[in-house]
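Dumped final-v9.txt below, it's compact mmCIF, C-alpha atoms and all ligand atoms:
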# COMPACT_ATOMS: atom_id res chain seq x y z
CA MET A 218 -53.83 96.16 6.71
CA THR A 219 -52.36 99.67 7.08
CA LYS A 220 -50.31 101.44 4.41
CA ARG A 221 -47.32 101.42 6.76
CA HIS A 222 -47.66 97.68 7.20
CA ILE A 223 -47.92 97.11 3.45
CA LEU A 224 -44.74 99.11 2.86
CA SER A 225 -42.78 97.36 5.58
CA ARG A 226 -43.98 94.02 4.33
CA ARG A 227 -42.85 94.84 0.79
CA ALA A 228 -39.42 95.85 2.06
CA PHE A 229 -39.32 92.70 4.13
CA LEU A 230 -40.17 90.46 1.17
CA LYS A 231 -37.52 92.18 -0.95
CA LYS A 232 -34.95 91.58 1.75
CA ALA A 233 -36.03 87.96 2.15
CA GLY A 234 -35.74 87.41 -1.60
CA ALA A 235 -32.23 88.82 -1.76
CA ALA A 236 -31.04 86.74 1.15
CA THR A 237 -32.65 83.63 -0.28
CA ALA A 238 -30.50 84.01 -3.37
CA ALA A 239 -27.43 84.45 -1.19
CA SER A 240 -28.23 81.41 0.90
CA LEU A 241 -28.48 79.28 -2.21
CA VAL A 242 -24.91 80.01 -3.11
CA ASN A 243 -22.91 80.13 0.09
CA PRO A 244 -23.26 76.56 1.37
CA PHE A 245 -22.16 75.22 -1.99
CA GLN A 246 -19.23 77.57 -2.30
CA ALA A 247 -17.81 76.63 1.08
CA GLY A 248 -15.07 74.25 0.04
CA ALA A 249 -16.71 73.37 -3.28
CA ALA A 250 -15.19 74.23 -6.62
CA SER A 251 -18.50 73.93 -8.49
CA LEU A 252 -22.08 72.81 -8.12
CA GLU A 253 -20.93 69.35 -9.24
CA GLN A 254 -18.75 69.11 -6.13
CA VAL A 255 -20.69 69.55 -2.93
CA ASP A 256 -20.25 67.94 0.45
CA GLU A 257 -21.67 64.48 0.87
CA MET A 258 -25.38 64.41 1.70
CA PRO A 259 -25.75 63.20 5.31
CA THR A 260 -27.55 59.88 5.78
CA ARG A 261 -29.30 58.33 8.77
CA PRO A 262 -30.37 54.79 9.67
CA PHE A 263 -33.95 54.16 8.58
CA GLY A 264 -35.16 52.70 11.86
CA ARG A 265 -33.85 49.16 12.22
CA THR A 266 -34.48 48.25 8.58
CA GLY A 267 -30.73 47.98 7.94
CA VAL A 268 -30.98 50.74 5.31
CA ARG A 269 -29.44 54.22 5.52
CA VAL A 270 -31.28 57.00 3.74
CA PRO A 271 -30.31 60.59 2.85
CA ILE A 272 -31.80 63.12 5.24
CA LEU A 273 -33.49 64.85 2.28
CA SER A 274 -35.81 62.96 -0.06
CA PHE A 275 -37.56 63.99 -3.23
CA GLY A 276 -41.36 64.14 -3.09
CA GLY A 277 -42.68 63.28 -6.50
CA SER A 278 -46.22 64.54 -6.81
CA LEU A 279 -45.10 67.17 -9.31
CA ASN A 280 -43.74 67.29 -12.80
CA LEU A 281 -40.13 66.20 -12.38
CA PRO A 282 -38.03 66.56 -15.50
CA SER A 283 -35.09 64.16 -15.86
CA LEU A 284 -32.70 67.09 -15.46
CA MET A 285 -33.98 67.79 -11.93
CA LEU A 286 -33.85 64.13 -10.98
CA ARG A 287 -30.33 63.86 -12.38
CA GLN A 288 -29.15 66.85 -10.35
CA ALA A 289 -30.87 65.55 -7.21
CA PHE A 290 -29.12 62.21 -7.70
CA LYS A 291 -25.74 63.91 -8.11
CA TRP A 292 -26.28 65.87 -4.90
CA GLY A 293 -27.10 62.70 -2.98
CA VAL A 294 -30.90 63.12 -2.87
CA THR A 295 -31.32 59.46 -3.74
CA TYR A 296 -34.53 58.73 -1.80
CA TRP A 297 -37.43 59.30 -4.22
CA ASP A 298 -41.05 59.21 -3.16
CA THR A 299 -43.98 58.82 -5.54
CA ALA A 300 -47.45 57.24 -5.59
CA HIS A 301 -49.67 55.36 -7.99
CA SER A 302 -52.09 58.30 -7.95
CA TYR A 303 -49.69 61.22 -8.34
CA MET A 304 -50.39 63.22 -11.48
CA GLY A 305 -52.61 60.43 -12.77
CA GLY A 306 -49.60 58.08 -13.00
CA ASN A 307 -47.29 60.56 -14.70
CA SER A 308 -45.07 61.00 -11.65
CA GLU A 309 -44.16 57.29 -11.74
CA LYS A 310 -43.76 57.41 -15.52
CA LEU A 311 -41.27 60.31 -15.27
CA ILE A 312 -39.18 58.37 -12.76
CA GLY A 313 -39.47 55.30 -15.01
CA LYS A 314 -38.21 57.36 -17.93
CA TYR A 315 -35.23 58.44 -15.84
CA LEU A 316 -34.46 54.86 -14.81
CA LYS A 317 -34.62 53.72 -18.41
CA LYS A 318 -32.06 56.37 -19.31
CA PHE A 319 -29.84 55.78 -16.26
CA PRO A 320 -30.42 52.12 -15.27
CA GLN A 321 -27.10 52.04 -13.41
CA ASP A 322 -28.54 54.49 -10.84
CA ARG A 323 -31.37 52.18 -9.76
CA ARG A 324 -29.44 50.33 -7.03
CA GLN A 325 -28.43 53.61 -5.39
CA ILE A 326 -31.97 55.02 -5.36
CA PHE A 327 -34.29 54.27 -2.45
CA LEU A 328 -37.55 54.18 -4.38
CA VAL A 329 -40.93 54.48 -2.67
CA THR A 330 -44.43 54.29 -4.03
CA LYS A 331 -47.89 54.18 -2.46
CA SER A 332 -51.32 52.74 -3.12
CA HIS A 333 -54.71 54.14 -2.23
CA ALA A 334 -56.55 50.95 -3.21
CA TRP A 335 -59.11 49.73 -0.70
CA THR A 336 -58.73 46.01 -1.44
CA LEU A 337 -55.77 43.63 -1.47
CA ASP A 338 -56.41 42.82 -5.13
CA GLY A 339 -56.49 46.55 -5.83
CA MET A 340 -53.14 46.97 -4.06
CA SER A 341 -51.64 44.12 -6.08
CA ASP A 342 -52.91 45.64 -9.34
CA GLU A 343 -51.61 49.08 -8.45
CA LEU A 344 -48.22 47.67 -7.41
CA GLU A 345 -47.87 45.86 -10.77
CA GLN A 346 -48.79 49.04 -12.65
CA SER A 347 -46.36 51.06 -10.53
CA LEU A 348 -43.49 48.65 -11.24
CA GLN A 349 -44.23 48.82 -14.93
CA ARG A 350 -44.41 52.63 -14.97
CA LEU A 351 -41.26 52.93 -12.85
CA ASN A 352 -39.31 50.56 -15.11
CA THR A 353 -38.16 48.47 -12.18
CA ASP A 354 -38.66 44.98 -10.73
CA TYR A 355 -39.05 46.15 -7.15
CA VAL A 356 -39.66 49.16 -4.94
CA ASP A 357 -37.60 49.68 -1.82
CA LEU A 358 -40.63 50.69 0.21
CA PHE A 359 -44.35 50.34 -0.40
CA PHE A 360 -46.77 52.53 1.54
CA VAL A 361 -50.49 52.20 2.08
CA HIS A 362 -51.45 55.76 1.27
CA SER A 363 -53.02 58.16 3.76
CA VAL A 364 -53.97 55.95 6.69
CA GLY A 365 -56.18 57.64 9.31
CA ASP A 366 -56.91 54.66 11.54
CA ILE A 367 -54.43 51.91 12.43
CA ALA A 368 -57.22 49.33 12.14
CA GLU A 369 -56.66 49.64 8.35
CA LEU A 370 -53.36 47.78 8.89
CA ASN A 371 -54.95 44.39 9.60
CA ASP A 372 -53.64 40.81 9.38
CA ALA A 373 -54.67 40.55 5.74
CA LYS A 374 -52.41 43.52 4.89
CA ARG A 375 -49.60 41.91 6.87
CA ALA A 376 -49.95 38.67 4.87
CA TRP A 377 -50.04 40.70 1.64
CA ALA A 378 -46.85 42.57 2.61
CA GLU A 379 -45.04 39.34 3.50
CA LYS A 380 -46.06 37.75 0.20
CA LYS A 381 -44.88 40.73 -1.87
CA LYS A 382 -41.59 40.80 0.04
CA ALA A 383 -41.11 37.06 -0.62
CA GLU A 384 -41.81 37.67 -4.32
CA GLY A 385 -39.09 40.34 -4.31
CA LYS A 386 -41.48 43.10 -5.40
CA ILE A 387 -41.16 45.22 -2.28
CA ARG A 388 -38.32 45.39 0.25
CA LEU A 389 -40.10 47.25 3.04
CA PHE A 390 -43.73 47.98 3.92
CA GLY A 391 -45.46 50.77 5.81
CA PHE A 392 -47.94 53.62 5.50
CA SER A 393 -48.25 57.37 5.11
CA THR A 394 -50.51 59.38 7.40
CA HIS A 395 -51.82 62.95 7.51
CA ARG A 396 -54.76 62.33 9.85
CA ASN A 397 -54.60 61.22 13.48
CA MET A 398 -50.90 60.61 12.88
CA GLU A 399 -49.95 60.17 16.52
CA ALA A 400 -52.55 57.45 17.18
CA CYS A 401 -51.58 55.65 13.95
CA MET A 402 -47.89 55.77 14.90
CA LEU A 403 -48.50 54.51 18.43
CA GLY A 404 -50.64 51.71 17.02
CA ALA A 405 -47.98 50.79 14.45
CA ALA A 406 -45.30 50.60 17.13
CA LYS A 407 -47.35 47.88 18.83
CA LEU A 408 -47.98 45.87 15.65
CA GLY A 409 -44.37 44.75 15.25
CA TRP A 410 -44.44 44.32 11.44
CA ILE A 411 -44.45 47.89 10.12
CA ASP A 412 -41.07 48.88 8.66
CA ALA A 413 -41.65 52.56 7.96
CA ILE A 414 -44.04 55.49 8.30
CA MET A 415 -44.20 58.84 6.52
CA MET A 416 -46.19 61.33 8.58
CA SER A 417 -46.95 65.05 8.80
CA TYR A 418 -44.30 66.41 11.13
CA ASN A 419 -43.04 69.96 11.49
CA PHE A 420 -42.21 72.82 13.88
CA ARG A 421 -45.91 73.11 14.72
CA LEU A 422 -46.42 69.44 15.59
CA MET A 423 -43.09 68.19 16.89
CA HIS A 424 -43.26 69.76 20.38
CA ARG A 425 -46.62 68.32 21.27
CA ASP A 426 -46.39 65.57 23.91
CA GLU A 427 -48.59 63.29 21.85
CA MET A 428 -46.24 63.54 18.86
CA LYS A 429 -43.12 63.16 21.01
CA ARG A 430 -44.54 59.94 22.48
CA ALA A 431 -45.47 58.63 19.02
CA VAL A 432 -42.01 59.30 17.57
CA ALA A 433 -40.29 57.75 20.60
CA ALA A 434 -42.50 54.63 20.39
CA CYS A 435 -41.73 54.19 16.68
CA ALA A 436 -38.00 54.68 17.28
CA GLU A 437 -38.14 52.08 20.04
CA ALA A 438 -39.96 49.70 17.68
CA GLY A 439 -37.30 50.21 14.97
CA ILE A 440 -39.70 51.88 12.51
CA GLY A 441 -38.05 54.17 9.94
CA LEU A 442 -39.61 57.65 10.03
CA THR A 443 -39.87 60.14 7.19
CA ALA A 444 -41.31 63.59 7.90
CA MET A 445 -43.52 65.34 5.36
CA LYS A 446 -45.39 68.68 5.34
CA THR A 447 -42.36 70.07 7.14
CA GLN A 448 -43.11 73.67 6.18
CA GLY A 449 -46.19 73.54 8.40
CA GLY A 450 -48.49 75.08 5.81
CA GLY A 451 -46.06 77.42 4.09
CA SER A 452 -44.80 80.83 4.98
CA LEU A 453 -45.49 84.55 4.74
CA LYS A 454 -49.23 84.14 4.84
CA THR A 455 -50.03 86.18 7.87
CA GLY A 456 -46.99 88.45 8.16
CA THR A 457 -47.01 88.68 11.95
CA ARG A 458 -44.44 90.75 13.80
CA THR A 459 -42.95 87.52 15.21
CA GLU A 460 -42.61 86.12 11.70
CA GLU A 461 -40.86 89.23 10.46
CA GLU A 462 -38.49 89.23 13.42
CA MET A 463 -37.85 85.49 13.01
CA VAL A 464 -37.10 85.76 9.29
CA ASP A 465 -34.90 88.81 9.84
CA ARG A 466 -32.75 87.02 12.45
CA LEU A 467 -32.46 83.90 10.31
CA LEU A 468 -31.49 85.87 7.24
CA GLN A 469 -28.62 87.45 9.16
CA LYS A 470 -27.21 83.93 9.59
CA GLY A 471 -27.78 83.03 5.95
CA PHE A 472 -30.91 80.88 6.37
CA THR A 473 -34.36 81.41 5.01
CA ASP A 474 -37.30 80.57 7.23
CA ALA A 475 -38.02 77.58 4.96
CA GLN A 476 -34.50 76.25 5.56
CA ALA A 477 -34.81 76.82 9.31
CA LYS A 478 -38.04 74.80 9.36
CA LEU A 479 -36.18 71.87 7.77
CA LYS A 480 -33.30 72.22 10.22
CA MET A 481 -35.73 72.18 13.14
CA VAL A 482 -37.10 68.80 12.00
CA TRP A 483 -33.62 67.35 11.45
CA GLU A 484 -32.78 68.22 15.05
CA ASN A 485 -34.72 65.11 16.03
CA PRO A 486 -32.34 62.20 15.29
CA ASN A 487 -35.28 59.79 15.14
CA ILE A 488 -36.47 61.44 11.92
CA ALA A 489 -34.46 59.66 9.23
CA SER A 490 -35.45 61.84 6.30
CA ILE A 491 -37.55 64.80 5.20
CA CYS A 492 -39.67 64.26 2.12
CA SER A 493 -39.92 67.56 0.29
CA GLU A 494 -41.67 68.49 -2.90
CA MET A 495 -39.13 70.51 -4.81
CA PRO A 496 -40.84 71.93 -7.88
CA ASN A 497 -37.84 73.79 -9.25
CA MET A 498 -34.05 73.89 -9.12
CA SER A 499 -34.00 76.87 -6.71
CA ILE A 500 -35.92 74.99 -4.05
CA LEU A 501 -33.86 71.84 -4.63
CA MET A 502 -30.69 73.89 -4.16
CA ALA A 503 -32.00 75.65 -1.06
CA ASN A 504 -33.02 72.36 0.56
CA VAL A 505 -29.74 70.64 -0.31
CA ALA A 506 -27.91 73.66 1.09
CA ALA A 507 -29.90 73.37 4.32
CA ALA A 508 -29.07 69.66 4.56
CA LEU A 509 -25.36 70.32 4.11
CA ASN A 510 -25.20 73.33 6.41
CA ARG A 511 -23.88 72.46 9.87
CA THR A 512 -24.74 75.72 11.66
CA PRO A 513 -27.26 74.85 14.38
CA LEU A 514 -30.35 76.85 15.19
CA THR A 515 -30.09 78.81 18.40
CA SER A 516 -32.48 78.60 21.32
CA GLY A 517 -33.76 82.03 20.21
CA ASP A 518 -34.51 80.69 16.70
CA ARG A 519 -36.42 77.77 18.17
CA ARG A 520 -38.33 80.03 20.55
CA ARG A 521 -39.38 82.38 17.74
CA LEU A 522 -40.49 79.47 15.54
CA ARG A 523 -42.62 78.13 18.38
CA ARG A 524 -44.11 81.55 19.06
CA TYR A 525 -44.84 81.98 15.36
CA ALA A 526 -46.49 78.51 15.33
CA HIS A 527 -48.71 79.56 18.21
CA GLU A 528 -49.65 82.94 16.75
CA THR A 529 -50.56 81.44 13.35
CA ARG A 530 -52.21 78.25 14.61
CA SER A 531 -55.54 79.09 13.02
CA ASP A 532 -53.79 78.88 9.61
CA TYR A 533 -52.81 75.26 10.15
CA CYS A 534 -54.91 72.13 10.43
CA ARG A 535 -53.05 69.48 12.38
CA GLY A 536 -55.13 66.56 11.15
CA CYS A 537 -56.84 65.62 14.41
CA THR A 538 -59.97 64.56 12.54
CA ARG A 539 -61.07 62.35 15.40
CA ILE A 540 -62.22 65.64 16.97
CA CYS A 541 -64.05 67.50 14.21
CA GLU A 542 -65.12 64.69 11.89
CA ALA A 543 -66.34 62.60 14.81
CA ALA A 544 -68.39 65.57 16.08
CA LEU A 545 -69.94 65.85 12.62
CA ASN A 546 -70.64 62.11 12.53
CA GLY A 547 -68.39 61.76 9.49
CA ARG A 548 -70.62 63.97 7.33
CA ALA A 549 -67.72 66.17 6.13
CA PRO A 550 -64.08 65.22 5.39
CA VAL A 551 -62.82 68.33 7.19
CA GLY A 552 -59.18 67.18 7.44
CA ASP A 553 -58.97 66.41 3.71
CA ILE A 554 -60.64 69.71 2.82
CA MET A 555 -58.18 71.67 4.98
CA ARG A 556 -55.20 69.76 3.55
CA HIS A 557 -56.24 70.38 -0.05
CA LEU A 558 -56.81 74.05 0.74
CA MET A 559 -53.21 74.09 1.97
CA TYR A 560 -51.99 72.44 -1.25
CA TRP A 561 -53.66 75.24 -3.15
CA ARG A 562 -53.04 78.30 -1.00
CA SER A 563 -49.61 77.49 0.42
CA TYR A 564 -48.04 75.31 -2.26
CA GLY A 565 -49.87 76.66 -5.31
CA GLU A 566 -50.94 73.14 -6.31
CA ARG A 567 -54.37 73.99 -7.61
CA HIS A 568 -54.62 70.82 -9.76
CA ARG A 569 -54.23 68.65 -6.66
CA ALA A 570 -57.00 70.43 -4.79
CA GLN A 571 -59.24 70.43 -7.85
CA ALA A 572 -58.80 66.66 -8.30
CA PHE A 573 -59.92 66.11 -4.70
CA PHE A 574 -63.05 68.28 -4.98
CA ASP A 575 -63.92 66.73 -8.36
CA ARG A 576 -64.20 63.37 -6.61
CA LEU A 577 -66.86 64.66 -4.19
CA PRO A 578 -70.32 63.73 -5.53
CA PRO A 579 -72.57 66.81 -6.11
CA GLY A 580 -75.05 65.71 -3.42
CA ARG A 581 -72.24 65.41 -0.88
CA ARG A 582 -70.98 68.91 -1.69
CA ILE A 583 -74.42 70.36 -0.96
CA GLU A 584 -74.63 68.44 2.32
CA ILE A 585 -71.13 69.59 3.38
CA ALA A 586 -71.91 73.23 2.56
CA ALA A 587 -75.16 73.14 4.53
CA LEU A 588 -73.67 71.75 7.76
CA ASP A 589 -73.48 73.88 10.89
CA TYR A 590 -69.80 74.06 11.94
CA GLU A 591 -70.22 76.22 15.04
CA VAL A 592 -69.84 73.39 17.55
CA VAL A 593 -66.78 71.83 15.87
CA GLU A 594 -65.12 75.24 15.60
CA ARG A 595 -65.35 75.47 19.38
CA LEU A 596 -63.76 72.02 19.67
CA CYS A 597 -60.94 72.68 17.19
CA PRO A 598 -57.64 73.04 19.11
CA GLN A 599 -56.26 75.26 16.34
CA GLN A 600 -59.23 77.65 16.45
CA ILE A 601 -59.75 77.30 12.72
CA ALA A 602 -62.73 79.04 11.07
CA ILE A 603 -63.79 75.66 9.69
CA GLY A 604 -67.21 76.61 8.27
CA GLN A 605 -65.88 79.67 6.47
CA LEU A 606 -62.94 77.77 4.96
CA VAL A 607 -65.03 74.78 3.90
CA ARG A 608 -67.48 77.08 2.08
CA GLN A 609 -64.65 79.09 0.49
CA ALA A 610 -63.14 75.84 -0.80
CA LEU A 611 -66.47 74.60 -2.19
CA ASN A 612 -67.09 77.95 -3.89
CA GLU A 613 -63.62 77.93 -5.40
CA PHE A 614 -63.51 74.36 -6.67
CA CYS A 615 -67.13 73.25 -7.08
CA ALA A 616 -68.82 76.37 -8.47
S1 LIG B 1 -60.03 71.40 11.56
FE1 LIG B 1 -59.31 71.55 13.70
S2 LIG B 1 -60.21 69.77 14.75
FE2 LIG B 1 -60.37 69.41 12.53
S3 LIG B 1 -58.56 68.21 11.99
FE3 LIG B 1 -58.05 70.37 11.66
S4 LIG B 1 -57.11 71.07 13.56
FE4 LIG B 1 -58.16 69.15 14.04

Take the structure in the file and give it back as structure tokens.
Ligand code: SF4
Amino acid sequence: MTKRHILSRRAFLKKAGAATAASLVNPFQAGAASLEQVDEMPTRPFGRTGVRVPILSFGGSLNLPSLMLRQAFKWGVTYWDTAHSYMGGNSEKLIGKYLKKFPQDRRQIFLVTKSHAWTLDGMSDELEQSLQRLNTDYVDLFFVHSVGDIAELNDAKRAWAEKKKAEGKIRLFGFSTHRNMEACMLGAAKLGWIDAIMMSYNFRLMHRDEMKRAVAACAEAGIGLTAMKTQGGGSLKTGTRTEEEMVDRLLQKGFTDAQAKLKMVWENPNIASICSEMPNMSILMANVAAALNRTPLTSGDRRRLRRYAHETRSDYCRGCTRICEAALNGRAPVGDIMRHLMYWRSYGERHRAQAFFDRLPPGRRIEIAALDYEVVERLCPQQIAIGQLVRQALNEFCA
């Protein structure tokens, strides 16, 4: 990187920071006397479930103090997403603490949890624990966590879901997916008993024909869709000229690039909600502001975002593990490694990445490090330096 580039990048970041602060204020001030009085959060139908959900939902894998939850609730962010595994159970406990303090809010909150258990008994046990931690008798939606193959949603899971619905413990059932999302979504649309899906979906993925077909099939099947990973791996990593130009133009309109990435996803009416991890009040405010702001993106904004996505594709793994993991005969969980690298490098969630690598047995780590990734790198549609990144991750977390 040249000195000139470093200087211009510094100036650029300073400018971006200043405009971010401005953008946090303006949407609230338009017609609002105080932060307590903001426009109503828009809602959308959640497929054909009969439920409407706010277009912004709170992702709960982080430490969420009651104050943040309270403010989110007041601003209409009443769809809360957690999981049995998040923060070793503490995420659910924090929401449970909130619901104990504000029990009257429960009926207005669309509460979602997930289970990673491999067996039906395991799912039942985790659901019971989740209900206990959350201080509630039911969850509005229960997800099987991180599905990578639709075959995981078999008849036994269907019977389990129907039983739990009949018992009043869950209202809706579905799955989350970060790997082979499009195939999972197309498969779910054919099943006829999946209520909802939360999938990776962002400005990098949404224009691909495969993803367009998957979203359309789910919409046709009445499945409620929630987008996650909408920042597409974060921002300001590569500092390309396109990125600088894009951010500059957006800032002139009062958006940050992060807000524009949310707006791009909301442009698809089949996406009911965006699940966003909002670790602090600034990000919560910025996202709420983006949800309330009615100014559309221009064709130029969209074009620059797409160009930026193309130029930085090697920074983003799109979860098509059927390509790389199949070529490696399943000997390395490449998609999971890339995703946890993203949690660390783009979101700063080191604990989450560390927990993943801690679960890899020592012998497996050695095998993964020793693999030859040359062939799969040639197959990777994103041109990711897979071998280099896998080894960097192992050095960082397993040394
Ligand atoms: S590393 Fe490449 S081939 Fe593998 S899942 Fe990611 S984008 Fe797809």

message: Just to confirm, what's the straight-line distance from atom CA of A:Arg556 to atom CA of A:Gly449 in Å (one decimal)?
response: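 Interatomic distance, atom CA of A:Arg556 to atom CA of A:Gly449: 10.9 Å.
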
task: Have a look at A:Leu279, A:Ile500, A:Leu358, A:Ala400 and name the one nearest to A:His568; count all atoms listed in the file.
output: A:Leu279

message: Using only C-alpha atoms, can you tell me which of A:Ile601, A:Met285, A:Val268, A:Met495 comes closest to A:Arg388?
response: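 Between A:Ile601, A:Met285, A:Val268, A:Met495, the residue approaching A:Arg388 most closely is A:Val268.
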
- request: Let me have all residues with an atom within 8 Å of ligand LIG 1 (chain B), counting only C-alpha atoms and all ligand atoms, laid out as an MDAnalysis selection string.
  value: chainID A and resid 396 533:542 551:552 555 593:594 596:601 603

query: atom CA of A:Ala436 to atom CA of A:Val329: how many Å, to one decimal?
result: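 Rounded to one decimal, the two atoms are 20.2 Å apart.
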
field: Top pick for closest residue to A:Pro578, considering A:Asn352, A:Cys615, A:Lys314, A:Val505 and counting all atoms listed in the file
entry: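 Between A:Asn352, A:Cys615, A:Lys314, A:Val505, the residue approaching A:Pro578 most closely is A:Cys615.
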
message: Every residue with an atom at most 8 Å from (-41.9, 67.2, -13.7) (file coordinates; all atoms listed in the file) is what I'm after, so could you write them as a PyMOL selection string?
response: chain A and resi 279-283+308+311+496

statement: From the list A:Glu345, A:Arg269, A:Arg530, A:Ala289, the nearest residue to A:Ser499 using all atoms listed in the file is A:Ala289

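Minimum distance to A:Asp256 across A:Arg548, A:Arg576, A:Lys374, A:Arg511 (counting all atoms listed in the file) occurs at A:Arg511.
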
- request: Determine the nearest neighbour of A:His527 from the options A:Leu422, A:Met416, A:Ile488, A:Met481, counting all atoms listed in the file.
  value: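 Answer, going by the shortest atom-to-atom distance: A:Leu422.
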
Which residues, written as a JSON list (two decimals) with C-alpha atoms, in the coordinates of the input, have at least one atom at most 8 Å from A:Leu403, with all atoms listed in the file counted and residues fewer than 4 positions away on the same chain left out?
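The resulting file, part-v1.json, is shown below:
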[["chain", "number", "residue", "atom", "x", "y", "z"],
["A", 399, "GLU", "CA", -49.95, 60.17, 16.52],
["A", 407, "LYS", "CA", -47.35, 47.88, 18.83],
["A", 430, "ARG", "CA", -44.54, 59.94, 22.48],
["A", 431, "ALA", "CA", -45.47, 58.63, 19.02],
["A", 434, "ALA", "CA", -42.50, 54.63, 20.39],
["A", 435, "CYS", "CA", -41.73, 54.19, 16.68]]

Å distance separating atom CA of A:Ile367 from atom CA of A:Ser332, one decimal place: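 A separation of 15.9 Å between them.
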
- request: Please check which residues have atoms at most 12 Å from (-56.3, 56.6, 6.2) in the file's coordinates, counting only C-alpha atoms, and write them as a PyMOL selection string.
  value: chain A and resi 332-335+360-370+392-398+400-401+416+536+538-539+550+552-553

Just to be explicit: take each residue in the selection above, keep C-alpha atoms, and write the result as an mmCIF file, keeping the file's coordinate frame.
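Written out: selection34.cif:
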data_model
loop_
_atom_site.group_PDB
_atom_site.id
_atom_site.type_symbol
_atom_site.label_atom_id
_atom_site.label_comp_id
_atom_site.auth_asym_id
_atom_site.auth_seq_id
_atom_site.Cartn_x
_atom_site.Cartn_y
_atom_site.Cartn_z
ATOM 1 C CA SER A 332 -51.320 52.740 -3.120
ATOM 2 C CA HIS A 333 -54.710 54.140 -2.230
ATOM 3 C CA ALA A 334 -56.550 50.950 -3.210
ATOM 4 C CA TRP A 335 -59.110 49.730 -0.700
ATOM 5 C CA PHE A 360 -46.770 52.530 1.540
ATOM 6 C CA VAL A 361 -50.490 52.200 2.080
ATOM 7 C CA HIS A 362 -51.450 55.760 1.270
ATOM 8 C CA SER A 363 -53.020 58.160 3.760
ATOM 9 C CA VAL A 364 -53.970 55.950 6.690
ATOM 10 C CA GLY A 365 -56.180 57.640 9.310
ATOM 11 C CA ASP A 366 -56.910 54.660 11.540
ATOM 12 C CA ILE A 367 -54.430 51.910 12.430
ATOM 13 C CA ALA A 368 -57.220 49.330 12.140
ATOM 14 C CA GLU A 369 -56.660 49.640 8.350
ATOM 15 C CA LEU A 370 -53.360 47.780 8.890
ATOM 16 C CA PHE A 392 -47.940 53.620 5.500
ATOM 17 C CA SER A 393 -48.250 57.370 5.110
ATOM 18 C CA THR A 394 -50.510 59.380 7.400
ATOM 19 C CA HIS A 395 -51.820 62.950 7.510
ATOM 20 C CA ARG A 396 -54.760 62.330 9.850
ATOM 21 C CA ASN A 397 -54.600 61.220 13.480
ATOM 22 C CA MET A 398 -50.900 60.610 12.880
ATOM 23 C CA ALA A 400 -52.550 57.450 17.180
ATOM 24 C CA CYS A 401 -51.580 55.650 13.950
ATOM 25 C CA MET A 416 -46.190 61.330 8.580
ATOM 26 C CA GLY A 536 -55.130 66.560 11.150
ATOM 27 C CA THR A 538 -59.970 64.560 12.540
ATOM 28 C CA ARG A 539 -61.070 62.350 15.400
ATOM 29 C CA PRO A 550 -64.080 65.220 5.390
ATOM 30 C CA GLY A 552 -59.180 67.180 7.440
ATOM 31 C CA ASP A 553 -58.970 66.410 3.710
#

message: Neighbouring residues of A:Arg324 were defined as those with any atom within 12 Å, considering only C-alpha atoms; residues of the same chain fewer than 5 positions away were excluded. Please report them as a list in words.
response: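 Here the qualifying residues turn out to be Phe290, Thr295, Tyr296, Leu316, Phe319, Thr353, Asp354, Tyr355, Val356 and Asp357 of chain A.
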
Please provide as an mmCIF file with C-alpha atoms, in the frame of the given file all residues within 12 Å of A:Trp561, with the sequence filter that same-chain residues fewer than 3 positions apart are discarded (counting all atoms listed in the file).
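Generated output (selection.cif):
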data_model
loop_
_atom_site.group_PDB
_atom_site.id
_atom_site.type_symbol
_atom_site.label_atom_id
_atom_site.label_comp_id
_atom_site.auth_asym_id
_atom_site.auth_seq_id
_atom_site.Cartn_x
_atom_site.Cartn_y
_atom_site.Cartn_z
ATOM 1 C CA GLY A 450 -48.490 75.080 5.810
ATOM 2 C CA GLY A 451 -46.060 77.420 4.090
ATOM 3 C CA ILE A 554 -60.640 69.710 2.820
ATOM 4 C CA MET A 555 -58.180 71.670 4.980
ATOM 5 C CA ARG A 556 -55.200 69.760 3.550
ATOM 6 C CA HIS A 557 -56.240 70.380 -0.050
ATOM 7 C CA LEU A 558 -56.810 74.050 0.740
ATOM 8 C CA TYR A 564 -48.040 75.310 -2.260
ATOM 9 C CA GLY A 565 -49.870 76.660 -5.310
ATOM 10 C CA GLU A 566 -50.940 73.140 -6.310
ATOM 11 C CA ARG A 567 -54.370 73.990 -7.610
ATOM 12 C CA HIS A 568 -54.620 70.820 -9.760
ATOM 13 C CA ARG A 569 -54.230 68.650 -6.660
ATOM 14 C CA ALA A 570 -57.000 70.430 -4.790
ATOM 15 C CA GLN A 571 -59.240 70.430 -7.850
ATOM 16 C CA ALA A 572 -58.800 66.660 -8.300
ATOM 17 C CA PHE A 573 -59.920 66.110 -4.700
ATOM 18 C CA PHE A 574 -63.050 68.280 -4.980
ATOM 19 C CA ALA A 610 -63.140 75.840 -0.800
ATOM 20 C CA GLU A 613 -63.620 77.930 -5.400
ATOM 21 C CA PHE A 614 -63.510 74.360 -6.670
#
